[in-house]
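A.B. asks: Data: target.cif, mmCIF, C-alpha atoms and all ligand atoms.
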```cif
data_work
loop_
_atom_site.label_atom_id
_atom_site.label_comp_id
_atom_site.auth_asym_id
_atom_site.auth_seq_id
_atom_site.Cartn_x
_atom_site.Cartn_y
_atom_site.Cartn_z
CA MET A 245 77.16 83.02 74.74
CA THR A 246 77.66 85.08 71.66
CA GLY A 247 80.50 86.10 69.38
CA GLN A 248 80.75 87.54 65.91
CA THR A 249 78.57 86.74 62.91
CA GLY A 250 79.92 84.87 59.87
CA THR A 251 80.00 87.82 57.43
CA PRO A 252 79.08 91.48 57.89
CA MET A 253 75.80 90.76 56.00
CA GLU A 254 74.73 87.91 58.25
CA ARG A 255 72.55 88.49 61.23
CA SER A 256 72.90 87.25 64.78
CA ILE A 257 70.40 85.18 66.78
CA TYR A 258 70.92 87.76 69.56
CA GLU A 259 68.99 90.25 67.44
CA PHE A 260 65.96 88.12 68.32
CA PRO A 261 65.84 88.14 72.13
CA GLU A 262 62.53 86.28 72.22
CA LEU A 263 64.00 83.37 70.22
CA PHE A 264 67.60 82.85 71.37
CA ARG A 265 66.64 81.37 74.73
CA ARG A 266 64.76 78.52 73.10
CA VAL A 267 67.55 77.96 70.59
CA HIS A 268 69.94 77.58 73.54
CA MET A 269 67.68 74.85 74.94
CA GLU A 270 66.77 76.71 78.07
CA ARG A 271 64.10 74.71 79.86
CA PRO A 272 61.10 76.25 81.62
CA GLY A 273 62.08 77.06 85.20
CA ASP A 274 65.87 77.10 84.58
CA ILE A 275 66.23 80.81 85.35
CA GLN A 276 64.05 80.56 88.47
CA ARG A 277 66.16 77.62 89.72
CA GLU A 278 69.37 79.59 89.12
CA VAL A 279 67.98 82.63 90.95
CA LYS A 280 67.04 80.45 93.92
CA PHE A 281 70.50 78.90 94.03
CA LEU A 282 72.24 82.29 93.81
CA VAL A 283 70.29 83.41 96.88
CA GLN A 284 71.52 80.29 98.72
CA VAL A 285 75.11 80.98 97.65
CA TRP A 286 74.92 84.57 98.90
CA SER A 287 73.47 83.54 102.25
CA ARG A 288 76.17 80.87 102.67
CA TYR A 289 79.18 82.94 101.61
CA LEU A 290 78.30 86.60 101.96
CA LYS A 291 76.61 86.85 105.34
CA ARG A 292 75.10 90.22 104.57
CA PRO A 293 72.10 90.99 102.41
CA VAL A 294 72.51 91.63 98.71
CA ARG A 295 70.80 94.93 98.00
CA ARG A 296 72.67 95.93 94.85
CA LEU A 297 73.40 93.46 92.07
CA LEU A 298 75.40 93.77 88.86
CA ASP A 299 74.39 91.44 86.00
CA ILE A 300 77.21 91.04 83.48
CA GLY A 301 76.47 90.05 79.86
CA ALA A 302 72.94 90.60 81.09
CA GLY A 303 71.11 90.41 77.76
CA ASP A 304 67.55 91.29 78.74
CA SER A 305 68.56 90.22 82.27
CA PRO A 306 66.10 87.41 83.03
CA HIS A 307 67.76 86.92 86.43
CA GLY A 308 67.80 90.67 87.09
CA GLN A 309 64.11 90.97 86.21
CA ILE A 310 63.26 88.51 88.99
CA PHE A 311 65.64 90.04 91.54
CA ALA A 312 64.38 93.56 90.79
CA ARG A 313 60.80 92.39 91.39
CA GLN A 314 62.03 91.05 94.75
CA GLY A 315 63.28 94.53 95.66
CA LEU A 316 67.00 94.44 94.73
CA ALA A 317 68.52 97.32 92.80
CA VAL A 318 69.91 95.66 89.65
CA VAL A 319 72.15 97.00 86.92
CA GLY A 320 72.66 94.98 83.73
CA ILE A 321 75.50 95.57 81.27
CA ASP A 322 75.57 94.25 77.72
CA ARG A 323 76.96 95.35 74.37
CA SER A 324 73.80 94.57 72.41
CA PRO A 325 71.32 97.44 71.94
CA THR A 326 68.62 94.94 70.93
CA MET A 327 69.04 92.92 74.11
CA ILE A 328 69.09 96.04 76.26
CA ALA A 329 65.96 97.39 74.55
CA ALA A 330 64.18 94.09 75.22
CA GLY A 331 65.30 94.22 78.87
CA ARG A 332 64.14 97.81 79.29
CA ALA A 333 60.78 97.00 77.71
CA GLN A 334 60.24 94.11 80.13
CA ALA A 335 61.31 96.23 83.10
CA ALA A 336 59.27 99.24 81.96
CA LYS A 337 57.40 99.45 85.22
CA ASN A 338 60.35 98.62 87.44
CA PRO A 339 62.82 101.45 88.07
CA ARG A 340 64.93 99.05 90.16
CA LEU A 341 66.39 97.49 86.99
CA LYS A 342 68.72 99.64 84.86
CA PHE A 343 70.85 98.85 81.84
CA TYR A 344 74.07 100.29 80.47
CA ARG A 345 75.59 99.50 77.10
CA ARG A 346 79.09 98.32 77.95
CA ARG A 347 81.61 95.74 76.80
CA ILE A 348 82.44 93.16 79.43
CA GLU A 349 86.17 93.22 78.74
CA ARG A 350 86.67 96.66 80.28
CA PHE A 351 84.05 98.96 81.75
CA THR A 352 83.25 101.55 84.37
CA LEU A 353 79.83 102.54 85.68
CA PRO A 354 78.51 105.73 87.29
CA GLU A 355 77.03 103.66 90.12
CA PRO A 356 77.61 103.13 93.84
CA PRO A 357 79.31 99.81 94.72
CA PHE A 358 77.49 96.51 94.32
CA ASP A 359 77.18 93.73 96.91
CA ALA A 360 77.34 90.99 94.28
CA ALA A 361 77.81 90.41 90.57
CA ILE A 362 76.65 87.55 88.34
CA PHE A 363 77.65 86.34 84.89
CA MET A 364 75.15 83.70 83.79
CA SER A 365 74.27 81.49 80.83
CA GLU A 366 77.78 80.11 80.20
CA THR A 367 78.97 83.32 78.57
CA PHE A 368 82.21 83.79 80.52
CA PRO A 369 84.31 81.45 78.26
CA ILE A 370 84.00 83.93 75.37
CA ILE A 371 86.69 85.98 77.12
CA THR A 372 89.56 84.27 75.35
CA ARG A 373 92.50 86.66 75.70
CA ASN A 374 94.46 86.78 78.94
CA ALA A 375 94.60 90.58 78.80
CA ASP A 376 90.79 90.76 78.48
CA LEU A 377 90.33 88.32 81.33
CA LEU A 378 92.40 90.49 83.65
CA THR A 379 90.83 93.80 82.61
CA HIS A 380 87.40 92.16 83.00
CA LEU A 381 88.16 90.97 86.54
CA ALA A 382 89.62 94.38 87.42
CA ALA A 383 86.47 96.11 86.12
CA VAL A 384 84.17 93.83 88.12
CA ALA A 385 86.34 94.27 91.22
CA ARG A 386 86.13 98.07 90.87
CA ALA A 387 82.34 97.83 90.78
CA LEU A 388 82.08 95.57 93.86
CA ARG A 389 82.40 96.35 97.54
CA SER A 390 85.22 94.70 99.42
CA GLY A 391 84.07 91.16 100.31
CA GLY A 392 81.45 91.21 97.51
CA LEU A 393 80.79 88.01 95.57
CA TYR A 394 81.15 87.38 91.86
CA CYS A 395 79.28 84.24 90.69
CA ILE A 396 80.12 82.91 87.24
CA ASP A 397 78.15 80.18 85.51
CA ILE A 398 80.33 77.92 83.33
CA ASP A 399 79.75 74.97 81.05
CA ARG A 400 81.46 71.72 82.05
CA HIS A 401 83.27 71.44 78.70
CA ALA A 402 83.63 67.70 78.94
CA GLY A 403 85.25 65.66 76.17
CA VAL A 404 87.46 68.43 74.85
CA GLU A 405 88.77 67.50 71.42
CA LEU A 406 91.07 69.34 69.05
CA ILE A 407 89.11 70.11 65.88
CA THR A 408 91.11 70.41 62.66
CA GLN A 409 88.21 70.56 60.17
CA ARG A 410 84.83 72.27 60.33
CA ARG A 411 82.23 69.67 61.09
CA GLN A 412 78.60 69.54 62.05
CA TRP A 413 77.86 68.73 65.66
CA ARG A 414 74.07 68.76 65.92
CA GLU A 415 70.95 69.53 63.92
CA ARG A 416 67.56 70.18 65.47
CA LYS A 417 64.26 71.99 65.07
CA VAL A 418 62.90 74.45 67.61
CA ARG A 419 59.40 75.91 67.74
CA VAL A 420 58.53 79.23 69.34
CA GLY A 421 54.78 79.71 68.89
CA ALA A 422 54.13 79.73 65.16
CA ILE A 423 57.81 80.24 64.30
CA ARG A 424 59.94 77.26 63.27
CA ILE A 425 63.72 77.48 63.61
CA ASP A 426 66.07 75.02 61.92
CA VAL A 427 69.21 74.95 64.02
CA ARG A 428 72.55 73.56 62.91
CA GLU A 429 75.60 73.67 65.14
CA PHE A 430 79.18 73.25 63.94
CA TYR A 431 82.63 72.97 65.40
CA ARG A 432 85.27 74.98 63.61
CA PRO A 433 88.99 74.27 63.52
CA ILE A 434 91.42 75.75 66.00
CA ALA A 435 95.19 75.79 66.07
CA TRP A 436 96.83 73.67 68.77
CA ASP A 437 98.31 76.75 70.45
CA GLU A 438 95.07 78.75 70.56
CA GLY A 439 93.90 79.92 73.96
CA LEU A 440 90.56 78.38 72.98
CA HIS A 441 88.95 75.06 73.49
CA SER A 442 86.70 75.30 70.46
CA ILE A 443 84.97 77.61 68.07
CA TYR A 444 81.26 77.01 68.02
CA GLU A 445 79.17 78.07 65.03
CA LEU A 446 75.43 78.44 65.44
CA GLU A 447 73.28 78.66 62.33
CA CYS A 448 69.54 79.32 62.59
CA ARG A 449 67.04 79.46 59.75
CA ILE A 450 64.08 81.28 61.23
CA HIS A 451 60.79 80.71 59.42
CA PHE A 452 58.67 83.77 60.14
CA ALA A 453 55.19 83.85 58.56
CA ASP A 454 56.33 86.25 55.82
CA ARG A 455 60.07 85.57 55.43
CA VAL A 456 62.99 83.34 56.30
CA VAL A 457 65.97 84.86 58.14
CA THR A 458 69.28 83.05 58.52
CA THR A 459 71.53 83.94 61.43
CA ARG A 460 75.09 82.81 62.02
CA ASP A 461 77.07 83.33 65.22
CA ILE A 462 80.69 82.30 65.57
CA ILE A 463 81.57 81.89 69.20
CA PRO A 464 85.09 81.26 70.46
CA VAL A 465 85.10 79.22 73.66
CA ARG A 466 87.94 79.13 76.13
CA TYR A 467 88.45 75.99 78.13
CA THR A 468 87.69 77.13 81.67
CA THR A 469 88.15 74.56 84.40
CA PRO A 470 87.94 75.27 88.13
CA THR A 471 91.74 75.31 88.41
CA LEU A 472 92.06 77.82 85.57
CA MET A 473 89.42 80.02 87.17
CA ASP A 474 91.31 79.82 90.44
CA LEU A 475 94.48 80.87 88.62
CA ALA A 476 92.72 83.81 86.90
CA ALA A 477 91.31 84.98 90.24
CA ARG A 478 94.77 84.86 91.83
CA ALA A 479 96.38 86.58 88.82
CA SER A 480 93.85 89.42 89.03
CA GLY A 481 95.12 90.26 92.50
CA CYS A 482 91.60 91.33 93.48
CA PHE A 483 89.64 88.06 93.80
CA GLU A 484 89.96 84.69 95.44
CA MET A 485 87.90 81.68 94.35
CA ILE A 486 86.12 80.44 97.46
CA ALA A 487 83.80 77.75 96.04
CA CYS A 488 82.74 75.81 92.95
CA CYS A 489 79.23 74.37 92.88
CA ALA A 490 78.16 71.68 90.44
CA ASP A 491 74.69 71.76 88.83
CA ASN A 492 73.27 74.40 91.19
CA ARG A 493 73.86 72.23 94.25
CA PHE A 494 76.18 72.28 97.22
CA ASP A 495 76.22 68.50 97.71
CA ARG A 496 77.43 67.29 94.30
CA PRO A 497 81.19 66.78 93.88
CA LEU A 498 82.65 68.57 90.84
CA ALA A 499 83.76 65.22 89.43
CA ARG A 500 80.06 64.29 89.10
CA CYS A 501 79.02 67.60 87.53
CA ARG A 502 76.58 66.89 84.69
CA GLY A 503 76.00 70.26 83.11
CA ARG A 504 77.33 73.51 84.49
CA TRP A 505 79.26 74.74 87.48
CA LEU A 506 79.25 78.00 89.35
CA ALA A 507 82.52 79.67 90.34
CA VAL A 508 82.18 81.83 93.43
CA LEU A 509 84.84 84.55 93.65
CA ARG A 510 85.23 86.90 96.58
CA ARG A 511 86.45 90.45 96.15
CA LYS A 512 89.47 91.02 98.39
C1 LIG B 601 73.76 84.00 76.15
S1 LIG B 601 73.39 85.70 76.38
C2 LIG B 601 73.05 85.68 78.09
C3 LIG B 601 72.15 86.79 78.54
C4 LIG B 601 71.63 86.67 79.98
N1 LIG B 601 72.69 86.74 80.96
C5 LIG B 601 70.83 85.42 80.17
O1 LIG B 601 71.12 84.66 81.10
O2 LIG B 601 69.89 85.20 79.41
C6 LIG B 601 74.96 86.47 76.30
C7 LIG B 601 74.94 87.98 76.29
O3 LIG B 601 76.29 88.44 76.34
C8 LIG B 601 76.38 89.63 75.56
N2 LIG B 601 77.79 89.79 75.18
C9 LIG B 601 78.57 88.96 74.46
N3 LIG B 601 79.80 89.42 74.32
C10 LIG B 601 79.83 90.61 74.98
C11 LIG B 601 80.85 91.58 75.21
N4 LIG B 601 82.07 91.42 74.73
N5 LIG B 601 80.51 92.67 75.94
C12 LIG B 601 79.25 92.84 76.42
N6 LIG B 601 78.25 91.95 76.24
C13 LIG B 601 78.54 90.85 75.52
C14 LIG B 601 75.45 89.38 74.39
O4 LIG B 601 75.02 90.57 73.77
C15 LIG B 601 74.31 88.59 75.05
O5 LIG B 601 73.24 89.42 75.42
#
```
Re-express the file's structure as structure tokens.
Ligand SMILES: C[S@@+](CC[C@H](N)C(=O)[O-])C[C@H]1O[C@@H](n2cnc3c(N)ncnc32)[C@H](O)[C@@H]1O
C.D. replies:
Amino acid sequence: MTGQTGTPMERSIYEFPELFRRVHMERPGDIQREVKFLVQVWSRYLKRPVRRLLDIGAGDSPHGQIFARQGLAVVGIDRSPTMIAAGRAQAAKNPRLKFYRRRIERFTLPEPPFDAAIFMSETFPIITRNADLLTHLAAVARALRSGGLYCIDIDRHAGVELITQRRQWRERKVRVGAIRIDVREFYRPIAWDEGLHSIYELECRIHFADRVVTTRDIIPVRYTTPTLMDLAARASGCFEMIACCADNRFDRPLARCRGRWLAVLRRK
């Protein structure tokens, strides 16, 4: 996820593509496990091979990098030039992975239709306005073939609580090679009638060898449950939600979801 920074002078952790993954507590093998599960979802619900894939909010497209190496044609869209540059550098020798700088809320692409789209790493809930949600779904639908699948990875958002005062949630230290990062996470207040579930503030003090950089990202999070996703799909008029999978498995009931769930939408 990512939102705005605290002040115009403050930097964002997303300017440091090699660090943000560790700050977000990604574990080794997570991306590979997600890629494997996406392939299972496609073979269960699509019944035709995925040859062209659209990665939304791709960042440097860790999933796309793997799929492109497996022979899929992948296009990643993201608004961050730094993330896109990192993705292009990694894919330097692979012309099957392309990037476009686009906003997820509303976009078009000069590309033939895609068989499937993905939106990973719990970023979907940053779309907080209804209007943006609908233009986003319309843009993805335009990019997909009829019957194409849109898989969206979403945090379980358990224990939702209305926050009326800024307060610290967690504090931890992360190491990336020789670099130490002091991470503090805060909840920020929201009004009762906000279309949000929380506002998450991520502060990182990055101790490089020669300097310390502080980043601050302020990330609005919409409460997205399976029923709300179903409603959004219906309201879009172009998708139906055909499955929800808990924790990258088909056999775990949603009620026992521990971490994240995957919404599977089908383009009408
Ligand atoms: C948590 S990262 C996930 C990147 C990648 N999908 C992954 O799994 O590592 C979220 C990405 O969403 C992008 N992003 C956030 N808001 C966006 C927006 N409104 N339009 C386009 N990209 C956006 C950020 O630049 C960032 O690269």
A.B. asks: The residues within 10 Å of (84.3, 91.6, 87.7), using all atoms listed in the file and the coordinates of the file, should be reported as a ChimeraX atom specification; which are they?
C.D. replies: /A:298,300,348-351,360-363,377-388,393-396,477,480,482-483,509,511
A.B. asks: Mind listing the residues within 9 Å of ligand LIG 601 (chain B), all atoms listed in the file counted, as a PyMOL selection string?
C.D. replies: chain A and resi 245-248+258-259+261+264-265+268+275+299-308+320-328+345-350+362-368+370-371
A.B. asks: Rounded to one decimal, what separation in Å do you get between CA of Arg493 (chain A) and CA of Phe343 (chain A)?
C.D. replies: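 CA of Arg493 (chain A) sits 29.5 Å away from CA of Phe343 (chain A).
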A.B. asks: Can you work out the spacing between CA of Arg400 (chain A) and CA of Leu472 (chain A) in Å, to one decimal?
C.D. replies: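 Interatomic distance here is 12.7 Å.
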A.B. asks: Report, in Å with one decimal, the straight-line distance from CA of Thr372 (chain A) to CA of Pro470 (chain A).
C.D. replies: 15.7 Å
